[in-house]
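Here is model.txt, consisting of compact mmCIF, C-alpha atoms and all ligand atoms:
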```txt
# COMPACT_ATOMS: atom_id res chain seq x y z
CA MET F 280 115.44 90.03 97.79
CA PRO F 281 112.67 92.06 96.10
CA GLY F 282 111.27 95.11 97.88
CA VAL F 283 107.93 95.69 99.57
CA GLN F 284 105.32 95.77 96.78
CA LEU F 285 102.43 97.93 97.86
CA THR F 286 99.21 97.98 95.81
CA TRP F 287 96.56 100.55 96.71
CA LEU F 288 93.09 99.02 96.55
CA GLY F 289 91.32 102.36 97.14
CA HIS F 290 90.36 104.06 100.44
CA SER F 291 92.60 102.56 103.17
CA SER F 292 92.92 99.10 101.65
CA PHE F 293 96.27 97.74 100.55
CA ARG F 294 97.57 94.47 99.22
CA VAL F 295 101.22 93.98 100.12
CA ASP F 296 103.41 91.38 98.45
CA THR F 297 106.32 91.05 100.83
CA PRO F 298 110.01 90.50 100.07
CA GLY F 299 109.67 86.99 101.57
CA GLY F 300 106.78 86.08 99.26
CA LYS F 301 103.90 86.54 101.71
CA ARG F 302 100.65 88.29 100.90
CA LEU F 303 99.25 90.74 103.41
CA TYR F 304 95.97 92.67 103.22
CA LEU F 305 95.52 95.82 105.26
CA ASP F 306 92.05 97.10 106.11
CA PRO F 307 90.54 94.96 103.34
CA TRP F 308 87.41 96.89 102.28
CA LEU F 309 87.33 95.30 98.86
CA SER F 310 83.89 96.66 98.01
CA ASN F 311 84.94 100.31 98.38
CA PRO F 312 83.86 102.73 95.62
CA SER F 313 87.49 103.22 94.43
CA PHE F 314 88.33 99.51 94.33
CA PRO F 315 90.30 98.92 91.09
CA GLU F 316 88.45 97.03 88.37
CA GLY F 317 91.47 94.99 87.30
CA GLU F 318 92.34 93.72 90.78
CA PRO F 319 92.02 89.92 90.73
CA GLU F 320 90.00 88.01 93.32
CA PRO F 321 92.34 87.15 96.21
CA GLU F 322 93.72 83.65 95.55
CA ARG F 323 95.73 83.55 98.76
CA VAL F 324 95.86 85.59 101.95
CA ASP F 325 98.61 84.95 104.50
CA VAL F 326 97.99 87.82 106.91
CA ILE F 327 95.24 90.41 107.45
CA ALA F 328 95.90 93.49 109.59
CA ILE F 329 93.05 95.78 110.64
CA THR F 330 93.51 99.21 112.22
CA HIS F 331 90.06 99.57 113.85
CA GLY F 332 86.51 98.30 113.96
CA HIS F 333 84.78 100.66 111.52
CA GLY F 334 83.15 99.07 108.48
CA ASP F 335 85.34 100.92 105.98
CA HIS F 336 88.39 99.19 107.53
CA VAL F 337 87.10 95.76 108.61
CA GLY F 338 85.54 95.48 105.15
CA GLU F 339 85.53 91.89 103.87
CA ALA F 340 87.97 90.60 106.53
CA LEU F 341 85.48 88.08 107.89
CA ASP F 342 84.81 86.57 104.48
CA LEU F 343 88.55 86.41 103.66
CA GLY F 344 89.22 84.91 107.09
CA LYS F 345 86.70 82.13 106.57
CA ARG F 346 88.02 81.37 103.07
CA PHE F 347 91.79 81.51 103.64
CA SER F 348 92.36 81.14 107.43
CA PRO F 349 95.11 83.80 107.49
CA LYS F 350 96.81 85.15 110.59
CA LEU F 351 94.91 88.17 111.92
CA VAL F 352 96.60 91.20 113.46
CA ALA F 353 94.15 93.46 115.29
CA ILE F 354 93.42 94.94 118.69
CA TYR F 355 92.22 92.30 121.13
CA GLU F 356 88.51 93.21 121.28
CA LEU F 357 88.17 93.36 117.49
CA ALA F 358 90.12 90.11 117.05
CA SER F 359 87.89 88.31 119.59
CA TRP F 360 84.73 89.65 117.97
CA LEU F 361 85.87 88.43 114.54
CA GLU F 362 86.60 85.01 116.01
CA ALA F 363 83.07 84.89 117.47
CA GLN F 364 81.74 85.68 113.96
CA GLY F 365 83.62 82.68 112.52
CA PHE F 366 87.11 83.96 111.58
CA PRO F 367 89.26 80.94 112.54
CA ASN F 368 91.72 81.61 115.42
CA ALA F 369 91.32 85.36 114.97
CA SER F 370 92.12 86.13 118.61
CA GLU F 371 95.41 84.18 118.59
CA LEU F 372 97.51 87.33 118.04
CA GLY F 373 94.97 89.81 119.49
CA MET F 374 97.16 92.63 120.83
CA ASN F 375 97.27 96.18 122.08
CA LYS F 376 99.24 99.40 121.73
CA GLY F 377 102.91 99.25 122.55
CA GLY F 378 103.06 95.56 121.71
CA THR F 379 104.76 93.81 118.80
CA VAL F 380 103.62 90.52 117.30
CA GLU F 381 105.14 88.40 114.58
CA ALA F 382 102.98 86.84 111.87
CA GLU F 383 104.46 84.87 108.95
CA GLY F 384 107.86 86.53 109.44
CA LEU F 385 106.45 90.09 109.58
CA ARG F 386 106.69 92.19 112.74
CA PHE F 387 103.71 94.38 113.64
CA SER F 388 104.13 97.06 116.31
CA MET F 389 100.79 98.58 117.30
CA THR F 390 100.73 102.35 117.68
CA GLN F 391 98.41 105.04 118.97
CA ALA F 392 95.77 106.63 116.71
CA LEU F 393 93.43 109.54 117.44
CA HIS F 394 90.12 108.23 116.17
CA SER F 395 87.03 106.33 117.29
CA ALA F 396 86.12 102.68 116.70
CA GLY F 397 83.16 100.35 117.14
CA PHE F 398 80.58 98.57 115.06
CA LEU F 399 77.40 100.45 114.27
CA GLY F 400 74.97 97.94 112.84
CA GLU F 401 71.45 97.13 113.94
CA GLY F 402 70.98 97.19 117.68
CA PRO F 403 73.31 98.84 120.18
CA PRO F 404 76.85 99.71 119.05
CA ILE F 405 79.45 97.01 119.71
CA TYR F 406 82.71 98.01 121.40
CA LEU F 407 85.60 96.77 119.27
CA GLY F 408 88.54 98.28 121.09
CA ASP F 409 90.45 101.42 120.24
CA ALA F 410 91.63 102.74 116.89
CA ALA F 411 95.28 101.96 116.22
CA GLY F 412 98.05 101.98 113.64
CA TYR F 413 101.03 99.75 112.88
CA VAL F 414 104.67 99.96 112.04
CA ILE F 415 105.32 96.81 110.03
CA GLU F 416 108.85 95.50 109.64
CA PHE F 417 109.21 93.37 106.53
CA GLU F 418 111.67 90.56 105.88
CA ASN F 419 114.18 92.89 104.19
CA GLY F 420 114.21 95.31 107.13
CA THR F 421 111.96 97.93 105.47
CA LYS F 422 109.60 99.52 108.00
CA VAL F 423 106.29 101.00 106.91
CA TYR F 424 104.02 103.01 109.20
CA PHE F 425 100.31 102.57 108.49
CA SER F 426 98.83 105.19 110.79
CA GLY F 427 95.20 104.11 110.34
CA ASP F 428 92.56 106.83 110.62
CA THR F 429 93.95 109.53 112.84
CA ALA F 430 94.63 113.17 113.53
CA ALA F 431 98.25 114.23 113.99
CA PHE F 432 99.47 113.78 117.56
CA THR F 433 102.76 114.72 119.19
CA ASP F 434 103.54 111.12 120.20
CA MET F 435 104.26 110.54 116.51
CA GLN F 436 107.69 111.74 117.57
CA ILE F 437 108.02 108.58 119.68
CA ILE F 438 106.93 106.44 116.73
CA GLY F 439 109.53 108.12 114.54
CA LYS F 440 112.32 107.85 117.09
CA HIS F 441 111.57 104.43 118.53
CA LEU F 442 110.18 102.46 115.54
CA GLU F 443 112.02 104.36 112.77
CA PRO F 444 109.67 103.90 109.81
CA ASP F 445 111.11 104.45 106.31
CA VAL F 446 107.74 105.30 104.76
CA ALA F 447 104.44 106.55 106.21
CA VAL F 448 101.01 105.65 104.85
CA LEU F 449 98.74 108.42 106.11
CA PRO F 450 95.10 109.46 105.62
CA ILE F 451 94.68 112.85 103.94
CA GLY F 452 90.97 112.98 103.08
CA ASP F 453 89.98 115.34 105.93
CA HIS F 454 86.56 115.29 107.67
CA PHE F 455 86.97 111.88 109.42
CA THR F 456 90.78 112.06 109.62
CA MET F 457 93.49 114.65 109.18
CA GLY F 458 93.69 116.49 105.89
CA PRO F 459 96.81 117.30 103.86
CA ARG F 460 97.94 120.24 105.99
CA GLN F 461 97.86 118.24 109.20
CA ALA F 462 99.39 115.21 107.48
CA ALA F 463 102.38 117.45 106.67
CA VAL F 464 102.69 118.17 110.41
CA ALA F 465 102.49 114.41 111.08
CA LEU F 466 105.38 113.80 108.67
CA GLU F 467 107.43 116.46 110.41
CA LEU F 468 106.75 114.87 113.81
CA LEU F 469 107.63 111.43 112.44
CA GLY F 470 110.73 112.67 110.67
CA VAL F 471 109.75 110.64 107.60
CA GLN F 472 110.56 111.83 104.06
CA ARG F 473 108.38 109.46 102.04
CA CYS F 474 104.60 109.25 102.21
CA VAL F 475 101.83 107.24 100.58
CA PRO F 476 98.53 109.08 101.13
CA CYS F 477 95.24 107.21 101.48
CA HIS F 478 91.66 107.64 102.77
CA TYR F 479 90.92 110.30 100.14
CA GLY F 480 88.78 110.49 97.02
CA THR F 481 86.58 107.53 97.99
CA PHE F 482 83.53 109.79 98.26
CA PRO F 483 83.07 113.56 97.90
CA LEU F 484 83.46 114.25 101.64
CA LEU F 485 87.10 113.08 101.57
CA LYS F 486 88.45 116.00 99.60
CA GLY F 487 92.16 116.17 100.51
CA THR F 488 94.51 115.51 97.59
CA PRO F 489 98.14 114.37 97.22
CA ASP F 490 98.96 117.68 95.48
CA GLU F 491 97.83 119.61 98.55
CA LEU F 492 100.07 117.39 100.65
CA ARG F 493 102.99 118.14 98.29
CA GLU F 494 102.29 121.84 98.76
CA HIS F 495 102.35 121.58 102.56
CA ALA F 496 105.26 119.12 102.77
CA PRO F 497 107.75 120.36 100.17
CA GLY F 498 110.65 118.20 101.40
CA VAL F 499 108.67 114.96 101.28
CA GLU F 500 108.46 112.49 98.42
CA VAL F 501 104.71 111.90 98.04
CA LEU F 502 104.07 108.62 96.26
CA SER F 503 100.47 108.56 95.09
CA PRO F 504 99.68 105.36 93.20
CA ALA F 505 96.32 105.16 91.45
CA PRO F 506 93.96 102.48 92.75
CA GLY F 507 95.31 99.18 91.42
CA GLU F 508 98.82 100.55 90.90
CA THR F 509 101.74 98.80 92.62
CA ILE F 510 104.72 100.71 93.99
CA ASP F 511 107.95 99.41 95.47
CA VAL F 512 108.47 101.15 98.81
ZN ZN F 601 88.00 105.25 107.78
```
Take the structure in the file and write it out as structure tokens.
Ligand SMILES: [Zn+2]
Amino acid sequence: MPGVQLTWLGHSSFRVDTPGGKRLYLDPWLSNPSFPEGEPEPERVDVIAITHGHGDHVGEALDLGKRFSPKLVAIYELASWLEAQGFPNASELGMNKGGTVEAEGLRFSMTQALHSAGFLGEGPPIYLGDAAGYVIEFENGTKVYFSGDTAAFTDMQIIGKHLEPDVAVLPIGDHFTMGPRQAAVALELLGVQRCVPCHYGTFPLLKGTPDELREHAPGVEVLSPAPGETIDV
């Protein structure tokens, strides 16, 4: 069985080609400023997972949902809102923290995140549930923690102990999330030795870098693919 093929699409967006041949998009903001030029138009989408209701994470999920009718993994309020906008059956797996759902053979456990959420468009803000993260268990048993936008929090110890992720995908840009120094604390709390940083470099405000993370977390293997690059985690 091949491994989990993770392609960074810039910001917090990832395309994952799973060991079982499924295609998953996480936080699909495909119009982000770091989106790789060579990335082909999605030709299939089996599952979309979204961490929270901010525009830089919901991204083009609605458009992809209408075109490909994938399974959606999201917190209940966000899932229901997307269904009301025309994403077919989006609320089917609508979930909350502590829960685990299965979609196309992948297991998603929803975790805590210290962040805000909600849609700020025209008119009053729309409540789209809380910000969250996931530990995803793939068909080959590999477990990847996508923390979503967050600060470090001590309950990461529970995530590490109870859900046992092999790799952590963490934001390091600072300003809206933790920066590299705090991400190193997060890795210590999780007890995870491999990290894929994200949510940095998209715009000047997000100044944390993978090298700073390496400095603060000397025992950790920091995998930092360029946008468009695929790594086997
Ligand atoms: Zn964000």
Would you name the residues within 8 Å of ligand ZN 601 (chain F), counting all atoms listed in the file, and put them as an MDAnalysis selection string? chainID F and resid 290:291 333:336 427:428 455:456 478
Around the point (100.9, 90.6, 118.1), in the coordinates given by the file, pick out the residues reaching within 9 Å, counting only C-alpha atoms, and return them as a PyMOL selection string. chain F and resi 351-354+371-375+378-382+386-389
Selected residue, from F:Pro483, F:Gly507, F:Pro321, F:Pro450, that lies nearest to Arg302 in chain F when counting only C-alpha atoms: F:Pro321
Do you have the CA of Ala328 in chain F-CA of Gly299 in chain F distance handy?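 Interatomic distance, CA of Ala328 in chain F to CA of Gly299 in chain F: 17.2 Å.
Comparing F:Gly332, F:Gly470, F:Gly402, F:Gly420 by their smallest distance to Glu356 in chain F, the closest is F:Gly332 (using all atoms listed in the file).
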Find the residues around Ile437 in chain F up to 10 Å (only C-alpha atoms counted), leave out those fewer than 4 positions away in its own chain, and share them as a ChimeraX atom specification. /F:390,433,441-443,468-469
